[in-house]
file data-v5.txt (compact mmCIF, C-alpha atoms and all ligand atoms)
# COMPACT_ATOMS: atom_id res chain seq x y z
CA MET F 1 15.30 -4.29 -11.65
CA ARG F 2 16.92 -6.12 -14.51
CA PRO F 3 17.62 -9.85 -14.69
CA PHE F 4 21.25 -10.92 -14.55
CA ASP F 5 22.64 -14.07 -16.16
CA GLY F 6 23.05 -16.85 -13.65
CA LYS F 7 21.05 -15.08 -10.95
CA ASP F 8 17.49 -16.11 -10.29
CA ARG F 9 16.96 -14.51 -6.90
CA ALA F 10 17.10 -11.03 -5.48
CA LEU F 11 17.18 -9.93 -1.88
CA ILE F 12 15.63 -6.53 -1.32
CA LEU F 13 16.20 -4.89 2.05
CA ASP F 14 13.53 -2.25 2.44
CA HIS F 15 14.60 -0.35 5.54
CA SER F 16 12.61 2.76 4.71
CA GLY F 17 9.24 1.05 4.29
CA ALA F 18 9.10 1.86 0.57
CA ALA F 19 6.93 -1.21 -0.04
CA ILE F 20 4.40 0.15 2.42
CA ASP F 21 4.30 3.54 0.67
CA LEU F 22 4.68 2.46 -2.95
CA GLY F 23 3.61 -1.15 -3.10
CA HIS F 24 5.41 -4.46 -3.41
CA PRO F 25 8.34 -4.59 -5.88
CA CYS F 26 6.49 -7.33 -7.81
CA ASP F 27 3.33 -5.26 -8.20
CA ASP F 28 2.40 -3.74 -11.53
CA GLN F 29 3.66 -0.20 -11.10
CA GLU F 30 3.00 2.77 -13.27
CA MET F 31 6.39 3.40 -14.84
CA ALA F 32 5.69 6.57 -16.83
CA LEU F 33 8.14 9.35 -16.13
CA ASP F 34 6.95 12.65 -14.81
CA GLU F 35 7.66 15.34 -17.40
CA GLY F 36 7.40 18.20 -14.96
CA LYS F 37 4.11 19.33 -16.46
CA PRO F 38 0.89 19.62 -14.53
CA LYS F 39 -0.90 16.30 -14.36
CA ASN F 40 -4.01 15.77 -16.44
CA LYS F 41 -6.72 16.84 -14.06
CA THR F 42 -9.62 15.31 -15.93
CA LYS F 43 -8.68 11.87 -14.65
CA PRO F 44 -7.94 12.14 -10.96
CA LYS F 45 -6.38 8.99 -9.66
CA LYS F 46 -8.02 7.20 -6.82
CA LYS F 47 -5.65 7.15 -3.92
CA GLU F 48 -4.91 3.58 -3.07
CA ARG F 49 -4.94 2.62 0.53
CA PRO F 50 -1.49 2.06 2.01
CA LEU F 51 -0.25 -1.42 2.71
CA LYS F 52 -0.35 -2.48 6.31
CA LYS F 53 1.20 -5.41 8.03
CA CYS F 54 -1.16 -8.02 9.42
CA PRO F 55 -0.41 -8.38 13.16
CA GLN F 56 -1.15 -12.08 12.96
CA CYS F 57 0.56 -13.40 9.83
CA LYS F 58 2.66 -10.33 8.86
CA PHE F 59 1.21 -10.29 5.34
CA LEU F 60 1.31 -6.83 3.76
CA SER F 61 -2.01 -5.74 2.34
CA ALA F 62 -4.31 -2.76 2.09
CA GLU F 63 -7.26 -4.96 2.89
CA ASN F 64 -8.98 -5.41 6.20
CA PRO F 65 -9.63 -8.19 7.17
CA CYS F 66 -6.32 -9.73 6.10
CA PRO F 67 -6.75 -11.56 2.76
CA LYS F 68 -4.32 -14.23 3.87
CA CYS F 69 -5.39 -15.26 7.36
CA GLY F 70 -8.64 -13.36 7.83
CA TYR F 71 -7.45 -11.36 10.83
CA THR F 72 -9.43 -8.14 11.35
CA ARG F 73 -7.38 -5.12 12.39
CA GLN F 74 -8.93 -2.73 14.85
CA ARG F 75 -8.98 0.91 13.90
CA GLN F 76 -6.22 2.72 15.68
CA ASN F 77 -6.85 5.99 17.42
CA GLY F 78 -4.54 8.89 16.80
CA THR F 79 -1.52 8.87 14.60
CA GLY F 80 2.10 8.15 15.16
CA TYR F 81 4.96 6.04 14.02
CA GLU F 82 5.48 2.55 15.13
CA ASP F 83 8.87 0.97 15.54
CA GLY F 84 10.03 -0.63 12.34
CA GLU F 85 10.56 -4.31 11.98
CA LEU F 86 12.13 -6.17 9.07
CA VAL F 87 9.68 -8.56 7.50
CA GLU F 88 10.44 -11.15 4.90
CA PHE F 89 8.21 -11.37 1.86
CA THR F 90 8.12 -15.11 1.55
CA SER F 91 7.28 -17.12 -1.52
CA LYS F 92 4.28 -18.37 0.41
CA SER F 93 2.68 -14.96 0.10
CA ASN F 94 -0.12 -14.49 -2.39
CA ARG F 95 2.05 -12.00 -4.20
CA ALA F 96 4.35 -14.68 -5.52
CA VAL F 97 1.47 -16.31 -7.39
CA ASP F 98 1.37 -15.91 -11.17
CA ARG F 99 -1.33 -13.28 -11.47
CA GLN F 100 -2.12 -13.88 -15.12
CA ALA F 101 -2.54 -17.62 -14.54
CA PHE F 102 -4.64 -16.90 -11.45
CA PHE F 103 -6.87 -14.55 -13.43
CA GLU F 104 -7.29 -16.98 -16.34
CA SER F 105 -8.12 -19.78 -13.90
CA LEU F 106 -10.88 -17.65 -12.42
CA VAL F 107 -12.17 -16.87 -15.91
CA GLN F 108 -12.39 -20.61 -16.61
CA ILE F 109 -14.26 -21.35 -13.38
CA ALA F 110 -16.67 -18.49 -14.10
CA LYS F 111 -17.30 -19.93 -17.59
CA ASP F 112 -17.88 -23.43 -16.23
CA LYS F 113 -20.21 -22.30 -13.47
CA ASN F 114 -21.91 -19.47 -15.32
CA TYR F 115 -20.62 -16.81 -12.93
CA LYS F 116 -20.58 -13.19 -14.02
CA ASP F 117 -17.41 -11.29 -14.97
CA GLY F 118 -17.72 -9.31 -11.75
CA TRP F 119 -17.17 -12.48 -9.76
CA VAL F 120 -13.78 -12.95 -11.43
CA LYS F 121 -12.74 -9.40 -10.58
CA TRP F 122 -13.90 -9.69 -6.97
CA LYS F 123 -12.18 -13.02 -6.39
CA TYR F 124 -8.98 -11.61 -7.87
CA LYS F 125 -9.15 -8.55 -5.67
CA GLU F 126 -10.00 -10.60 -2.61
CA TYR F 127 -6.83 -12.61 -3.16
CA PHE F 128 -4.32 -9.98 -4.29
CA GLY F 129 -5.84 -6.86 -2.76
CA GLN F 130 -5.87 -5.19 -6.19
CA TRP F 131 -8.22 -5.14 -9.13
CA PRO F 132 -7.04 -7.04 -12.20
CA LYS F 133 -5.50 -4.62 -14.70
CA GLY F 134 -5.64 -5.12 -18.44
CA ARG F 135 -5.81 -8.87 -18.35
CA GLY F 136 -7.27 -10.86 -21.27
CA TRP F 137 -10.43 -12.81 -20.63
CA ILE F 138 -9.09 -16.19 -21.66
CA GLY F 139 -9.74 -19.30 -19.61
CA ARG F 140 -7.21 -21.98 -18.74
CA GLU F 141 -7.00 -25.14 -16.66
CA PRO F 142 -7.17 -23.70 -13.11
CA ILE F 143 -3.83 -23.56 -11.32
CA GLN F 144 -3.45 -25.20 -7.91
CA GLU F 145 -3.49 -21.90 -6.02
CA VAL F 146 -6.93 -21.12 -7.43
CA LYS F 147 -8.25 -24.58 -6.62
CA ASP F 148 -6.94 -24.21 -3.07
CA TYR F 149 -8.44 -20.76 -2.78
CA MET F 150 -11.85 -21.93 -4.01
CA LEU F 151 -11.81 -24.71 -1.40
CA HIS F 152 -10.70 -22.24 1.27
CA SER F 153 -13.55 -19.86 0.33
CA LYS F 154 -16.06 -22.70 0.44
CA ILE F 155 -14.94 -23.82 3.90
CA LYS F 156 -15.04 -20.23 5.13
CA TYR F 157 -18.57 -19.84 3.76
CA ILE F 158 -19.81 -23.05 5.38
CA LYS F 159 -18.22 -22.05 8.69
CA SER F 160 -19.91 -18.64 8.53
CA LEU F 161 -23.26 -20.35 7.94
CA GLU F 162 -22.67 -22.63 10.89
CA ALA F 163 -21.76 -19.68 13.07
CA LYS F 164 -24.94 -17.88 11.99
CA ASN F 165 -27.17 -20.84 12.75
CA GLY F 166 -25.33 -21.62 15.96
CA THR F 167 -25.63 -25.29 15.16
CA ALA F 168 -22.12 -26.32 14.37
CA GLY F 169 -22.54 -29.86 15.60
ZN ZN X 201 -2.98 -12.07 8.22
call {"tool": "encode", "arguments": {"input": "data-v5.txt", "output": "structure tokens", "more": "lines below"}}
Ligand SMILES: [Zn+2]
result
Amino acid sequence: MRPFDGKDRALILDHSGAAIDLGHPCDDQEMALDEGKPKNKTKPKKKERPLKKCPQCKFLSAENPCPKCGYTRQRQNGTGYEDGELVEFTSKSNRAVDRQAFFESLVQIAKDKNYKDGWVKWKYKEYFGQWPKGRGWIGREPIQEVKDYMLHSKIKYIKSLEAKNGTAG
């Protein structure tokens, strides 16, 4: 899509489920054109898991449990099509977050706390459901979304400890 003067929004109606097959329109997509030649077989591409809608919060993600609300989908037996339902990708979704800023914020936290590079990649993937691609390792003052997410992770961790010990009170 191209920007248009005076327009700062776009409404995409995806009736065919293209986002589920091909990814969200805001995702980094491979834009190279197919030249009709056989693909280079030395570098087989890992097939990415398809996006699925979280039954609880309707967030689209390939991850299970849901990276947004933590809901765990049960494996479904058999195959088949489910009835379609129009879902709105809201600005509240993780996908609207500035990925570069998010990544750089993680880099800064890792520097401050002496975490390894792998931690940055995992946290990024945990949040967006995708590995960071070609992003520079420069730190920046963490953005609010990252601060919120760190707090959320901490609370989740403490709760899991409490559940393990069975002494929540
Ligand atoms: Zn969810």
call {"tool": "atom_distance", "arguments": {"input": "data-v5.txt", "atom1": "CA of Tyr115 in chain F", "atom2": "atom ZN of ligand ZN 201 (chain X)"}}
result
27.9 Å
call {"tool": "atom_distance", "arguments": {"input": "data-v5.txt", "atom1": "CA of Cys66 in chain F", "atom2": "atom ZN of ligand ZN 201 (chain X)"}}
result
4.6 Å
call {"tool": "residues_near_ligand", "arguments": {"input": "data-v5.txt", "ligand": "ligand ZN 201 (chain X)", "cutoff": "7 Å", "atoms": "all atoms listed in the file", "output": "ChimeraX atom specification"}}
result
/F:54-59,66-71
call {"tool": "atom_distance", "arguments": {"input": "data-v5.txt", "atom1": "CA of Tyr124 in chain F", "atom2": "CA of Glu141 in chain F"}}
result
16.3 Å
call {"tool": "closest_residue", "arguments": {"input": "data-v5.txt", "among": "F:Asn114, F:Ser61, F:Gln74, F:Gln130", "to": "Arg99 in chain F", "atoms": "all atoms listed in the file"}}
result
F:Gln130
call {"tool": "residues_around", "arguments": {"input": "data-v5.txt", "residues": "Gln144 in chain F", "least_positions_apart": "5", "cutoff": "10 Å", "atoms": "all atoms listed in the file", "output": "number ranges by chain"}}
result
F: 102, 105, 149-150
